[in-house]
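Chemist: To be precise about what I am sending: the file is called target_1.cif and holds mmCIF, C-alpha atoms.
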data_upload
loop_
_atom_site.group_PDB
_atom_site.id
_atom_site.type_symbol
_atom_site.label_atom_id
_atom_site.label_comp_id
_atom_site.auth_asym_id
_atom_site.auth_seq_id
_atom_site.Cartn_x
_atom_site.Cartn_y
_atom_site.Cartn_z
ATOM 1 C CA ALA A 1 0.000 0.000 0.000
ATOM 2 C CA ALA A 2 1.051 3.585 -0.530
ATOM 3 C CA PRO A 3 2.577 5.161 2.578
ATOM 4 C CA GLY A 4 0.968 8.138 4.221
ATOM 5 C CA ASP A 5 -2.368 8.695 5.893
ATOM 6 C CA CYS A 6 -5.615 9.168 4.022
ATOM 7 C CA GLY A 7 -6.983 12.557 5.006
ATOM 8 C CA GLN A 8 -10.172 14.376 4.193
ATOM 9 C CA GLY A 9 -9.752 16.406 1.033
ATOM 10 C CA ASP A 10 -6.350 14.940 0.065
ATOM 11 C CA ALA A 11 -7.569 14.546 -3.528
ATOM 12 C CA PHE A 12 -5.229 11.619 -4.214
ATOM 13 C CA GLY A 13 -5.361 11.119 -7.988
ATOM 14 C CA SER A 14 -6.672 14.574 -8.816
ATOM 15 C CA ALA A 15 -3.952 14.608 -11.495
ATOM 16 C CA PHE A 16 -1.768 11.874 -12.930
ATOM 17 C CA ALA A 17 0.833 11.425 -15.654
ATOM 18 C CA VAL A 18 2.732 8.495 -17.125
ATOM 19 C CA GLY A 19 6.385 8.426 -18.194
ATOM 20 C CA ASP A 20 9.569 6.377 -18.040
ATOM 21 C CA PHE A 21 11.579 8.450 -15.578
ATOM 22 C CA ASP A 22 14.407 5.909 -15.212
ATOM 23 C CA ASP A 23 14.395 4.792 -18.883
ATOM 24 C CA ASP A 24 14.169 1.103 -17.976
ATOM 25 C CA GLY A 25 11.475 0.348 -20.535
ATOM 26 C CA TYR A 26 8.629 0.249 -18.006
ATOM 27 C CA ASP A 27 6.179 3.100 -17.576
ATOM 28 C CA ASP A 28 6.086 4.910 -14.228
ATOM 29 C CA LEU A 29 3.134 6.729 -12.679
ATOM 30 C CA ALA A 30 3.061 10.180 -11.049
ATOM 31 C CA VAL A 31 -0.015 10.918 -8.934
ATOM 32 C CA GLY A 32 -1.032 14.376 -7.762
ATOM 33 C CA VAL A 33 -2.330 14.718 -4.201
ATOM 34 C CA SER A 34 -3.034 18.418 -4.440
ATOM 35 C CA GLY A 35 -5.053 18.662 -1.218
ATOM 36 C CA GLU A 36 -2.480 16.889 0.957
ATOM 37 C CA THR A 37 -1.816 18.509 4.343
ATOM 38 C CA GLN A 38 1.890 19.013 5.066
ATOM 39 C CA GLY A 39 2.983 19.948 8.586
ATOM 40 C CA GLY A 40 -0.442 21.338 9.404
ATOM 41 C CA ASN A 41 -0.644 23.291 6.140
ATOM 42 C CA GLN A 42 -3.905 22.327 4.491
ATOM 43 C CA ASN A 43 -3.947 21.920 0.709
ATOM 44 C CA ALA A 44 -0.181 22.252 0.505
ATOM 45 C CA GLY A 45 -0.103 19.290 -1.898
ATOM 46 C CA ALA A 46 2.282 16.523 -2.877
ATOM 47 C CA VAL A 47 3.122 14.175 -5.742
ATOM 48 C CA HIS A 48 3.672 10.413 -5.368
ATOM 49 C CA VAL A 49 5.677 8.505 -7.992
ATOM 50 C CA TYR A 50 5.438 4.732 -8.484
ATOM 51 C CA TYR A 51 7.870 2.848 -10.709
ATOM 52 C CA GLY A 52 7.024 0.164 -13.228
ATOM 53 C CA SER A 53 8.506 -3.321 -13.305
ATOM 54 C CA PRO A 54 7.962 -6.668 -15.063
ATOM 55 C CA GLY A 55 5.272 -7.328 -12.452
ATOM 56 C CA GLY A 56 3.553 -3.960 -12.811
ATOM 57 C CA LEU A 57 3.655 -0.853 -10.654
ATOM 58 C CA ARG A 58 5.413 -1.278 -7.316
ATOM 59 C CA THR A 59 5.137 0.709 -4.107
ATOM 60 C CA ALA A 60 8.680 -0.211 -3.073
ATOM 61 C CA GLY A 61 10.892 2.722 -3.972
ATOM 62 C CA GLU A 62 7.964 5.131 -4.135
ATOM 63 C CA GLN A 63 8.998 8.795 -4.167
ATOM 64 C CA ILE A 64 7.033 11.612 -2.527
ATOM 65 C CA PHE A 65 7.728 15.189 -3.571
ATOM 66 C CA HIS A 66 6.527 18.471 -2.083
ATOM 67 C CA GLN A 67 7.961 21.914 -1.462
ATOM 68 C CA ASP A 68 9.859 21.047 1.700
ATOM 69 C CA VAL A 69 11.852 18.364 -0.135
ATOM 70 C CA SER A 70 15.462 19.416 -0.658
ATOM 71 C CA GLY A 71 16.069 20.703 -4.181
ATOM 72 C CA ILE A 72 12.484 21.855 -4.813
ATOM 73 C CA ALA A 73 12.014 25.609 -4.697
ATOM 74 C CA GLY A 74 9.570 27.183 -2.277
ATOM 75 C CA VAL A 75 8.240 26.175 1.107
ATOM 76 C CA VAL A 76 5.105 24.341 2.142
ATOM 77 C CA GLU A 77 2.210 26.768 2.609
ATOM 78 C CA PRO A 78 -1.561 26.405 2.939
ATOM 79 C CA GLY A 79 -3.396 26.484 -0.366
ATOM 80 C CA ASP A 80 -0.408 25.977 -2.681
ATOM 81 C CA PHE A 81 -2.006 22.889 -4.300
ATOM 82 C CA PHE A 82 1.344 21.383 -5.322
ATOM 83 C CA GLY A 83 0.481 18.724 -7.910
ATOM 84 C CA THR A 84 -2.738 20.296 -9.181
ATOM 85 C CA SER A 85 -1.550 19.447 -12.713
ATOM 86 C CA LEU A 86 1.165 17.179 -14.120
ATOM 87 C CA ALA A 87 2.839 16.676 -17.493
ATOM 88 C CA VAL A 88 5.622 14.407 -18.735
ATOM 89 C CA GLY A 89 8.158 15.189 -21.456
ATOM 90 C CA ASP A 90 11.859 14.914 -22.183
ATOM 91 C CA PHE A 91 12.505 18.602 -21.705
ATOM 92 C CA ASP A 92 16.313 18.328 -21.846
ATOM 93 C CA LEU A 93 16.291 15.614 -24.550
ATOM 94 C CA ASP A 94 18.594 13.279 -22.612
ATOM 95 C CA GLY A 95 16.433 10.164 -23.094
ATOM 96 C CA PHE A 96 14.903 10.224 -19.603
ATOM 97 C CA ASP A 97 11.349 11.459 -19.135
ATOM 98 C CA ASP A 98 10.947 14.501 -16.872
ATOM 99 C CA LEU A 99 7.997 15.669 -14.770
ATOM 100 C CA ALA A 100 6.411 19.132 -14.683
ATOM 101 C CA ILE A 101 4.301 19.887 -11.590
ATOM 102 C CA GLY A 102 1.726 22.674 -11.409
ATOM 103 C CA ILE A 103 1.461 24.704 -8.181
ATOM 104 C CA ASP A 104 -1.322 27.058 -9.158
ATOM 105 C CA GLY A 105 -2.009 28.345 -5.623
ATOM 106 C CA GLU A 106 1.586 29.450 -5.022
ATOM 107 C CA ASP A 107 1.929 32.979 -3.612
ATOM 108 C CA LEU A 108 4.881 35.052 -4.783
ATOM 109 C CA GLY A 109 5.540 37.423 -1.927
ATOM 110 C CA GLU A 110 2.321 39.399 -1.550
ATOM 111 C CA ILE A 111 1.011 38.296 -4.952
ATOM 112 C CA LEU A 112 -1.683 35.780 -4.042
ATOM 113 C CA GLU A 113 -2.163 32.651 -6.160
ATOM 114 C CA ALA A 114 0.225 33.817 -8.841
ATOM 115 C CA GLY A 115 1.191 30.188 -9.447
ATOM 116 C CA ALA A 116 4.379 28.324 -10.256
ATOM 117 C CA VAL A 117 5.662 25.169 -11.962
ATOM 118 C CA ALA A 118 8.370 22.811 -10.704
ATOM 119 C CA VAL A 119 10.236 20.603 -13.187
ATOM 120 C CA LEU A 120 12.046 17.467 -11.974
ATOM 121 C CA PHE A 121 14.427 15.663 -14.298
ATOM 122 C CA GLY A 122 14.710 11.934 -14.897
ATOM 123 C CA SER A 123 17.845 9.840 -14.470
ATOM 124 C CA ALA A 124 18.955 6.210 -14.280
ATOM 125 C CA SER A 125 17.777 6.240 -10.661
ATOM 126 C CA GLY A 126 14.467 7.936 -11.429
ATOM 127 C CA LEU A 127 13.361 11.489 -10.791
ATOM 128 C CA VAL A 128 15.863 13.689 -8.957
ATOM 129 C CA THR A 129 15.493 17.150 -7.424
ATOM 130 C CA ALA A 130 19.088 18.194 -8.175
ATOM 131 C CA GLY A 131 18.989 20.738 -10.974
ATOM 132 C CA SER A 132 15.209 21.093 -10.824
ATOM 133 C CA LEU A 133 13.588 24.131 -12.428
ATOM 134 C CA ALA A 134 11.242 26.632 -10.800
ATOM 135 C CA LEU A 135 9.120 28.514 -13.330
ATOM 136 C CA THR A 136 7.048 31.595 -12.506
ATOM 137 C CA GLN A 137 5.764 34.492 -14.559
ATOM 138 C CA ASP A 138 8.293 36.766 -12.858
ATOM 139 C CA ASP A 139 11.202 34.802 -14.297
ATOM 140 C CA LEU A 140 10.196 33.852 -17.835
ATOM 141 C CA PRO A 141 12.623 33.453 -20.751
ATOM 142 C CA SER A 142 12.770 36.189 -23.352
ATOM 143 C CA GLY A 143 9.718 36.165 -25.595
ATOM 144 C CA SER A 144 7.131 36.877 -22.916
ATOM 145 C CA GLY A 145 5.957 40.257 -21.745
ATOM 146 C CA GLU A 146 3.988 38.837 -18.822
ATOM 147 C CA SER A 147 4.673 39.112 -15.094
ATOM 148 C CA ALA A 148 3.077 37.537 -12.049
ATOM 149 C CA GLU A 149 -0.236 38.990 -10.898
ATOM 150 C CA ALA A 150 -2.693 37.970 -8.225
ATOM 151 C CA TYR A 151 -4.870 34.987 -9.151
ATOM 152 C CA ASP A 152 -3.169 34.276 -12.485
ATOM 153 C CA GLN A 153 -2.945 30.614 -11.367
ATOM 154 C CA PHE A 154 0.062 29.938 -13.589
ATOM 155 C CA GLY A 155 0.426 26.145 -13.696
ATOM 156 C CA GLY A 156 -3.294 25.493 -13.393
ATOM 157 C CA ALA A 157 -2.998 23.299 -16.486
ATOM 158 C CA LEU A 158 -0.013 21.609 -18.141
ATOM 159 C CA ALA A 159 0.532 19.673 -21.357
ATOM 160 C CA SER A 160 3.631 18.286 -23.066
ATOM 161 C CA ASN A 161 4.230 17.228 -26.641
ATOM 162 C CA GLY A 162 6.320 14.337 -25.293
ATOM 163 C CA GLY A 163 9.584 16.063 -26.200
ATOM 164 C CA SER A 164 11.022 19.413 -25.194
ATOM 165 C CA GLY A 165 7.769 21.384 -25.441
ATOM 166 C CA LEU A 166 5.654 22.311 -22.424
ATOM 167 C CA ALA A 167 2.417 24.316 -22.418
ATOM 168 C CA VAL A 168 1.457 26.066 -19.175
ATOM 169 C CA GLY A 169 -1.970 27.526 -18.615
ATOM 170 C CA ALA A 170 -2.517 30.699 -16.617
ATOM 171 C CA PRO A 171 -6.317 30.650 -16.758
ATOM 172 C CA GLY A 172 -6.746 33.578 -14.365
ATOM 173 C CA GLU A 173 -4.592 35.969 -16.422
ATOM 174 C CA ASP A 174 -6.040 39.484 -16.639
ATOM 175 C CA PHE A 175 -5.953 41.946 -19.523
ATOM 176 C CA LEU A 176 -7.245 45.221 -18.174
ATOM 177 C CA LEU A 177 -7.796 47.259 -21.373
ATOM 178 C CA PRO A 178 -10.631 46.584 -21.870
ATOM 179 C CA ASN A 179 -11.698 44.858 -18.648
ATOM 180 C CA GLU A 180 -10.797 41.234 -19.350
ATOM 181 C CA GLN A 181 -10.131 39.905 -15.864
ATOM 182 C CA GLY A 182 -9.755 36.135 -15.843
ATOM 183 C CA ALA A 183 -9.516 35.984 -19.632
ATOM 184 C CA GLY A 184 -6.704 33.417 -19.551
ATOM 185 C CA LEU A 185 -3.381 32.856 -21.302
ATOM 186 C CA VAL A 186 -1.158 29.938 -22.344
ATOM 187 C CA HIS A 187 2.654 29.972 -22.271
ATOM 188 C CA ILE A 188 4.409 27.543 -24.636
ATOM 189 C CA PHE A 189 7.924 26.693 -23.495
ATOM 190 C CA GLY A 190 10.613 25.173 -25.705
ATOM 191 C CA ARG A 191 14.294 24.414 -25.820
ATOM 192 C CA SER A 192 17.019 26.252 -27.684
ATOM 193 C CA GLY A 193 20.666 25.183 -27.474
ATOM 194 C CA ALA A 194 22.262 21.972 -26.283
ATOM 195 C CA GLY A 195 21.523 21.140 -22.675
ATOM 196 C CA ASN A 196 19.154 24.027 -22.092
ATOM 197 C CA ALA A 197 15.648 22.977 -21.049
ATOM 198 C CA LEU A 198 12.582 25.228 -21.365
ATOM 199 C CA ASN A 199 14.580 28.359 -22.097
ATOM 200 C CA THR A 200 12.252 29.882 -24.691
ATOM 201 C CA VAL A 201 8.599 30.884 -24.358
ATOM 202 C CA THR A 202 5.766 32.077 -26.585
ATOM 203 C CA ASP A 203 2.515 33.526 -25.231
ATOM 204 C CA ARG A 204 -0.909 32.923 -26.733
ATOM 205 C CA THR A 205 -4.346 34.332 -25.899
ATOM 206 C CA GLN A 206 -7.699 34.036 -27.631
ATOM 207 C CA ASN A 207 -6.994 37.325 -29.399
ATOM 208 C CA ASP A 208 -4.299 35.500 -31.401
ATOM 209 C CA PHE A 209 -6.970 33.366 -33.089
ATOM 210 C CA LEU A 210 -9.384 35.990 -34.353
ATOM 211 C CA ALA A 211 -8.579 35.111 -37.982
ATOM 212 C CA GLU A 212 -9.302 31.410 -37.435
ATOM 213 C CA CYS A 213 -12.196 31.748 -34.994
ATOM 214 C CA GLY A 214 -13.770 35.152 -35.591
ATOM 215 C CA ALA A 215 -13.851 38.315 -33.532
ATOM 216 C CA PHE A 216 -16.465 36.813 -31.187
ATOM 217 C CA ASP A 217 -13.774 34.523 -29.804
ATOM 218 C CA GLY A 218 -11.393 37.127 -28.369
ATOM 219 C CA ASN A 219 -10.344 37.718 -24.779
ATOM 220 C CA GLU A 220 -13.343 38.174 -22.515
ATOM 221 C CA LEU A 221 -14.077 38.528 -18.815
ATOM 222 C CA ASN A 222 -13.900 35.413 -16.610
ATOM 223 C CA GLU A 223 -13.530 32.821 -19.357
ATOM 224 C CA PHE A 224 -10.410 31.250 -17.813
ATOM 225 C CA TRP A 225 -9.149 30.131 -21.217
ATOM 226 C CA GLY A 226 -6.381 27.571 -20.749
ATOM 227 C CA SER A 227 -7.898 25.724 -17.790
ATOM 228 C CA HIS A 228 -7.388 22.419 -19.683
ATOM 229 C CA LEU A 229 -4.685 21.626 -22.246
ATOM 230 C CA VAL A 230 -3.675 18.643 -24.366
ATOM 231 C CA PHE A 231 -1.257 18.033 -27.255
ATOM 232 C CA GLY A 232 -2.267 15.757 -30.100
ATOM 233 C CA GLN A 233 -1.284 14.792 -33.641
ATOM 234 C CA VAL A 234 -4.648 15.740 -35.109
ATOM 235 C CA SER A 235 -3.338 16.530 -38.589
ATOM 236 C CA ALA A 236 -0.409 15.526 -40.784
ATOM 237 C CA SER A 237 1.527 18.652 -39.801
ATOM 238 C CA ALA A 238 3.127 19.507 -36.456
ATOM 239 C CA PRO A 239 1.423 18.392 -33.218
ATOM 240 C CA SER A 240 -1.438 20.660 -32.214
ATOM 241 C CA LEU A 241 -2.097 22.160 -28.806
ATOM 242 C CA ILE A 242 -5.781 22.039 -27.903
ATOM 243 C CA VAL A 243 -7.003 24.596 -25.363
ATOM 244 C CA SER A 244 -10.240 24.498 -23.407
ATOM 245 C CA GLY A 245 -12.524 27.490 -23.241
ATOM 246 C CA GLN A 246 -15.219 25.664 -21.297
ATOM 247 C CA LEU A 247 -16.544 28.927 -19.836
ATOM 248 C CA GLU A 248 -16.772 30.592 -23.244
ATOM 249 C CA SER A 249 -20.045 32.418 -23.834
ATOM 250 C CA PHE A 250 -21.171 33.404 -27.329
ATOM 251 C CA GLY A 251 -24.339 34.209 -29.195
ATOM 252 C CA GLY A 252 -26.015 35.127 -25.931
ATOM 253 C CA VAL A 253 -25.428 31.601 -24.561
ATOM 254 C CA ALA A 254 -23.579 31.627 -21.224
ATOM 255 C CA TYR A 255 -20.867 29.021 -20.677
ATOM 256 C CA ALA A 256 -21.620 27.077 -23.834
ATOM 257 C CA GLY A 257 -17.923 26.247 -24.170
ATOM 258 C CA ARG A 258 -15.474 26.071 -27.053
ATOM 259 C CA VAL A 259 -12.059 24.558 -27.765
ATOM 260 C CA THR A 260 -9.234 26.172 -29.719
ATOM 261 C CA VAL A 261 -6.780 24.111 -31.770
ATOM 262 C CA MET A 262 -3.375 25.722 -32.235
ATOM 263 C CA PHE A 263 -0.876 24.930 -35.006
ATOM 264 C CA GLY A 264 -1.090 22.927 -38.196
ATOM 265 C CA ALA A 265 -3.831 22.401 -40.747
ATOM 266 C CA ALA A 266 -6.447 21.749 -38.055
ATOM 267 C CA ALA A 267 -6.064 25.178 -36.385
ATOM 268 C CA GLY A 268 -9.369 26.753 -35.504
ATOM 269 C CA CYS A 269 -12.228 26.735 -33.020
ATOM 270 C CA PHE A 270 -14.803 24.044 -32.378
ATOM 271 C CA ASP A 271 -18.053 24.111 -30.426
ATOM 272 C CA GLN A 272 -21.494 22.554 -30.604
ATOM 273 C CA GLY A 273 -22.456 25.068 -33.269
ATOM 274 C CA THR A 274 -19.641 23.894 -35.561
ATOM 275 C CA SER A 275 -20.811 22.008 -38.634
ATOM 276 C CA GLY A 276 -20.528 18.255 -38.021
ATOM 277 C CA VAL A 277 -20.457 18.529 -34.221
ATOM 278 C CA SER A 278 -23.559 17.043 -32.639
ATOM 279 C CA GLY A 279 -25.808 19.051 -30.353
ATOM 280 C CA ALA A 280 -26.251 22.788 -30.102
ATOM 281 C CA PRO A 281 -24.709 25.446 -27.833
ATOM 282 C CA GLU A 282 -26.744 25.691 -24.630
ATOM 283 C CA ALA A 283 -26.234 27.498 -21.350
ATOM 284 C CA SER A 284 -23.751 25.741 -19.041
ATOM 285 C CA ASP A 285 -22.857 22.968 -21.508
ATOM 286 C CA TYR A 286 -19.140 23.520 -20.661
ATOM 287 C CA PHE A 287 -18.016 22.052 -23.972
ATOM 288 C CA GLY A 288 -14.289 21.360 -23.505
ATOM 289 C CA GLY A 289 -14.504 20.638 -19.774
ATOM 290 C CA ALA A 290 -12.185 17.670 -20.369
ATOM 291 C CA LEU A 291 -9.836 16.926 -23.278
ATOM 292 C CA ALA A 292 -8.024 13.862 -24.602
ATOM 293 C CA THR A 293 -6.415 12.832 -27.886
ATOM 294 C CA GLY A 294 -5.484 9.513 -29.464
ATOM 295 C CA ASP A 295 -4.930 7.753 -32.774
#
Go ahead and render the structure in this file as structure tokens.
Modeler:
Amino acid sequence: AAPGDCGQGDAFGSAFAVGDFDDDGYDDLAVGVSGETQGGNQNAGAVHVYYGSPGGLRTAGEQIFHQDVSGIAGVVEPGDFFGTSLAVGDFDLDGFDDLAIGIDGEDLGEILEAGAVAVLFGSASGLVTAGSLALTQDDLPSGSGESAEAYDQFGGALASNGGSGLAVGAPGEDFLLPNEQGAGLVHIFGRSGAGNALNTVTDRTQNDFLAECGAFDGNELNEFWGSHLVFGQVSASAPSLIVSGQLESFGGVAYAGRVTVMFGAAAGCFDQGTSGVSGAPEASDYFGGALATGD
């Protein structure tokens, strides 16, 4: 059995991701426990990692990570929700899968719930905290004009293309002219140069897709665009990033929901009013409330 005590509101399994962190040919499982209490700090969060073997997943050798573990930036605090989202990729392209961990409730000084992401790298012995990355909007690579603000919730969603690309949702991102509080934004991190992981970034908002989706699909108040993300090979061109706008309202229909597909021939917007999609936009449909891709 997994060590640790079951506690009310632990939310064990609220996020999970699969990768081969020790490159032994067997998949390993990372499990988010975003509501875990640490040292009396409620909802501080943790991540448990179980390693694969010829006999399946094993609890022997389980790893538990949180912000008081040596090598991970930050300290345990109430409401950090460490492990609220998880994504696996080979961000440094060394052959070992790495793990990105969303901490969307992280406060940065007096900036409440600005959010952060921790990245742990794989090795022959599994995930290690030595050399881990701490990503926030106050320390982004060149290419982004954003900075941390209250309730941005950077790290609220994560997705990887399986290689060196990582998408990070900041669904609470505000754009104040006009009043677009909680409009949402997605940062897309990449790698440039040998040995450098996640050292480039590109920002995208709904306003970047007006040509594909129409002016009705721009940044709007409290849509929290980027609350769910997934990569998928949905066309013959480069992998696409699919972004949830489950709180999108249009045509006078509140929270009908819409998804945006970035990159490649399939780029565009899809909702229940799109030709070929069954149903019709209705209030509180939340189309895009969960996403998955496959072949």
Chemist: Expand the PyMOL selection byres ((chain A and resi 180-189) around 6) into the individual residues it matches in the shown file, reporting them as a PyMOL selection string.
Modeler: chain A and resi 165-176+178-179+190+198+200-205+219-226
Chemist: Which one of A:Gly52, A:Gly89, A:Gly289, A:Gly276 sits closest to Tyr255 (chain A) if you count all atoms listed in the file?
Modeler: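 Smallest distance to Tyr255 (chain A) is found for A:Gly289.
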Chemist: Hey, which bits of region 17-60 of chain A sit within 12 Å of region 126-130 of chain A, and for each residue what's the closest pair of atoms and how far apart in Å (one decimal), counting only C-alpha atoms, rows by chain and increasing number, as a tab-separated table?
Modeler:
residue	atom	partner	partner_atom	distance
A:Gly19	CA	A:Gly126	CA	10.6
A:Asp20	CA	A:Gly126	CA	8.4
A:Phe21	CA	A:Gly126	CA	5.1
A:Asp22	CA	A:Gly126	CA	4.3
A:Asp23	CA	A:Gly126	CA	8.1
A:Asp24	CA	A:Gly126	CA	9.5
A:Tyr26	CA	A:Gly126	CA	11.7
A:Asp27	CA	A:Gly126	CA	11.4
A:Asp28	CA	A:Gly126	CA	9.3
A:Leu29	CA	A:Leu127	CA	11.4
A:Ala30	CA	A:Leu127	CA	10.4
A:Val47	CA	A:Leu127	CA	11.7
A:His48	CA	A:Leu127	CA	11.2
A:Val49	CA	A:Leu127	CA	8.7
A:Tyr50	CA	A:Gly126	CA	10.0
A:Tyr51	CA	A:Gly126	CA	8.4
A:Gly52	CA	A:Gly126	CA	10.9
Chemist: Which is closest to Ser240 (chain A) among A:Ala159, A:Ala256, A:Val119, A:Ala280, if we use only C-alpha atoms?
Modeler: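 When distances to Ser240 (chain A) are compared using only C-alpha atoms, the smallest one comes from A:Ala159.
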Chemist: Find the residue from A:Ser284, A:Thr84, A:Gln153, A:Thr260 that sits nearest to Glu212 (chain A); use only C-alpha atoms when measuring.
Modeler: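 That would be A:Thr260, the residue with the smallest distance to Glu212 (chain A).
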Chemist: Once the PyMOL selection byres ((chain A and resi 98-106) around 8) has been evaluated on this model, what residues remain selected, and can you format them as a VMD selection string?
Modeler: chain A and resid 19 21 79 to 91 96 to 97 107 to 108 112 to 122 127 153 to 158
Chemist: When you draw a straight line from CA of Leu210 (chain A) to CA of Asp295 (chain A), how long is it in Å?
Modeler: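 Atom-to-atom, CA of Leu210 (chain A) to CA of Asp295 (chain A), that is 28.6 Å.
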Chemist: Give me, please, the distance in Å between CA of Gly7 (chain A) and CA of Gly35 (chain A), quoted to one decimal.
Modeler: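 One can read the CA of Gly7 (chain A) to CA of Gly35 (chain A) distance as 8.9 Å.
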Chemist: The PyMOL selection byres ((chain A and resi 287) around 8) - which residues does that actually catch in the file I just gave you? List them as number ranges by chain.
Modeler: A: 245-246, 256-259, 271-272, 285-286, 288-289
Chemist: Could you work out how far CA of Thr37 (chain A) lies from CA of Cys6 (chain A), giving the answer in Å with one decimal?
Modeler: 10.1 Å
Chemist: Write out as a CSV table (one decimal) with C-alpha atoms, in the frame of the given file which residues come within 10 Å of Ile111 (chain A) when counting only C-alpha atoms, dropping same-chain ones fewer than 6 positions away.
Modeler:
chain,number,residue,atom,x,y,z
A,148,ALA,CA,3.1,37.5,-12.0
A,149,GLU,CA,-0.2,39.0,-10.9
A,150,ALA,CA,-2.7,38.0,-8.2
A,151,TYR,CA,-4.9,35.0,-9.2
A,152,ASP,CA,-3.2,34.3,-12.5
Chemist: Would you compute the box with edges along x, y and z of the file around region 32-41 of chain A, including every atom the file lists for it and 6 Å extra on each side, and give its centre and edge lengths in Å to one decimal, as JSON?
Modeler:
{"center_x": -1.0, "center_y": 18.8, "center_z": 0.8, "size_x": 20.0, "size_y": 20.9, "size_z": 29.2}
Chemist: For each of A:Thr59, A:Gly25, A:Ala266, A:Gly13, take the minimum atom-to-atom distance to Ala124 (chain A), counting all atoms listed in the file, then give the residue where this is smallest.
Modeler: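 Counting all atoms listed in the file, the residue closest to Ala124 (chain A) is A:Gly25.
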Chemist: Can you pull out the residues contacting Ser14 (chain A)? Cut-off 8 Å, using all atoms listed in the file, and skip same-chain residues under 6 positions away; I want them as a ChimeraX atom specification.
Modeler: /A:31-34,84
Chemist: With all atoms listed in the file as the atoms that count, which of A:Ser142, A:Ser237, A:Gln38, A:Ser132 lies nearest to Ser192 (chain A)?
Modeler: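 Going through A:Ser142, A:Ser237, A:Gln38, A:Ser132 one by one, the smallest distance to Ser192 (chain A) is for A:Ser142.
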Chemist: If we count all atoms listed in the file, what is near Ala290 (chain A) at a cut-off of 9 Å, once residues fewer than 6 positions away on the same chain are taken out, given as a JSON list (two decimals) with C-alpha atoms, in the frame of the given file?
Modeler:
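Dumped to out15.json:
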[["chain", "number", "residue", "atom", "x", "y", "z"],
["A", 228, "HIS", "CA", -7.39, 22.42, -19.68],
["A", 229, "LEU", "CA", -4.68, 21.63, -22.25],
["A", 244, "SER", "CA", -10.24, 24.50, -23.41],
["A", 246, "GLN", "CA", -15.22, 25.66, -21.30]]
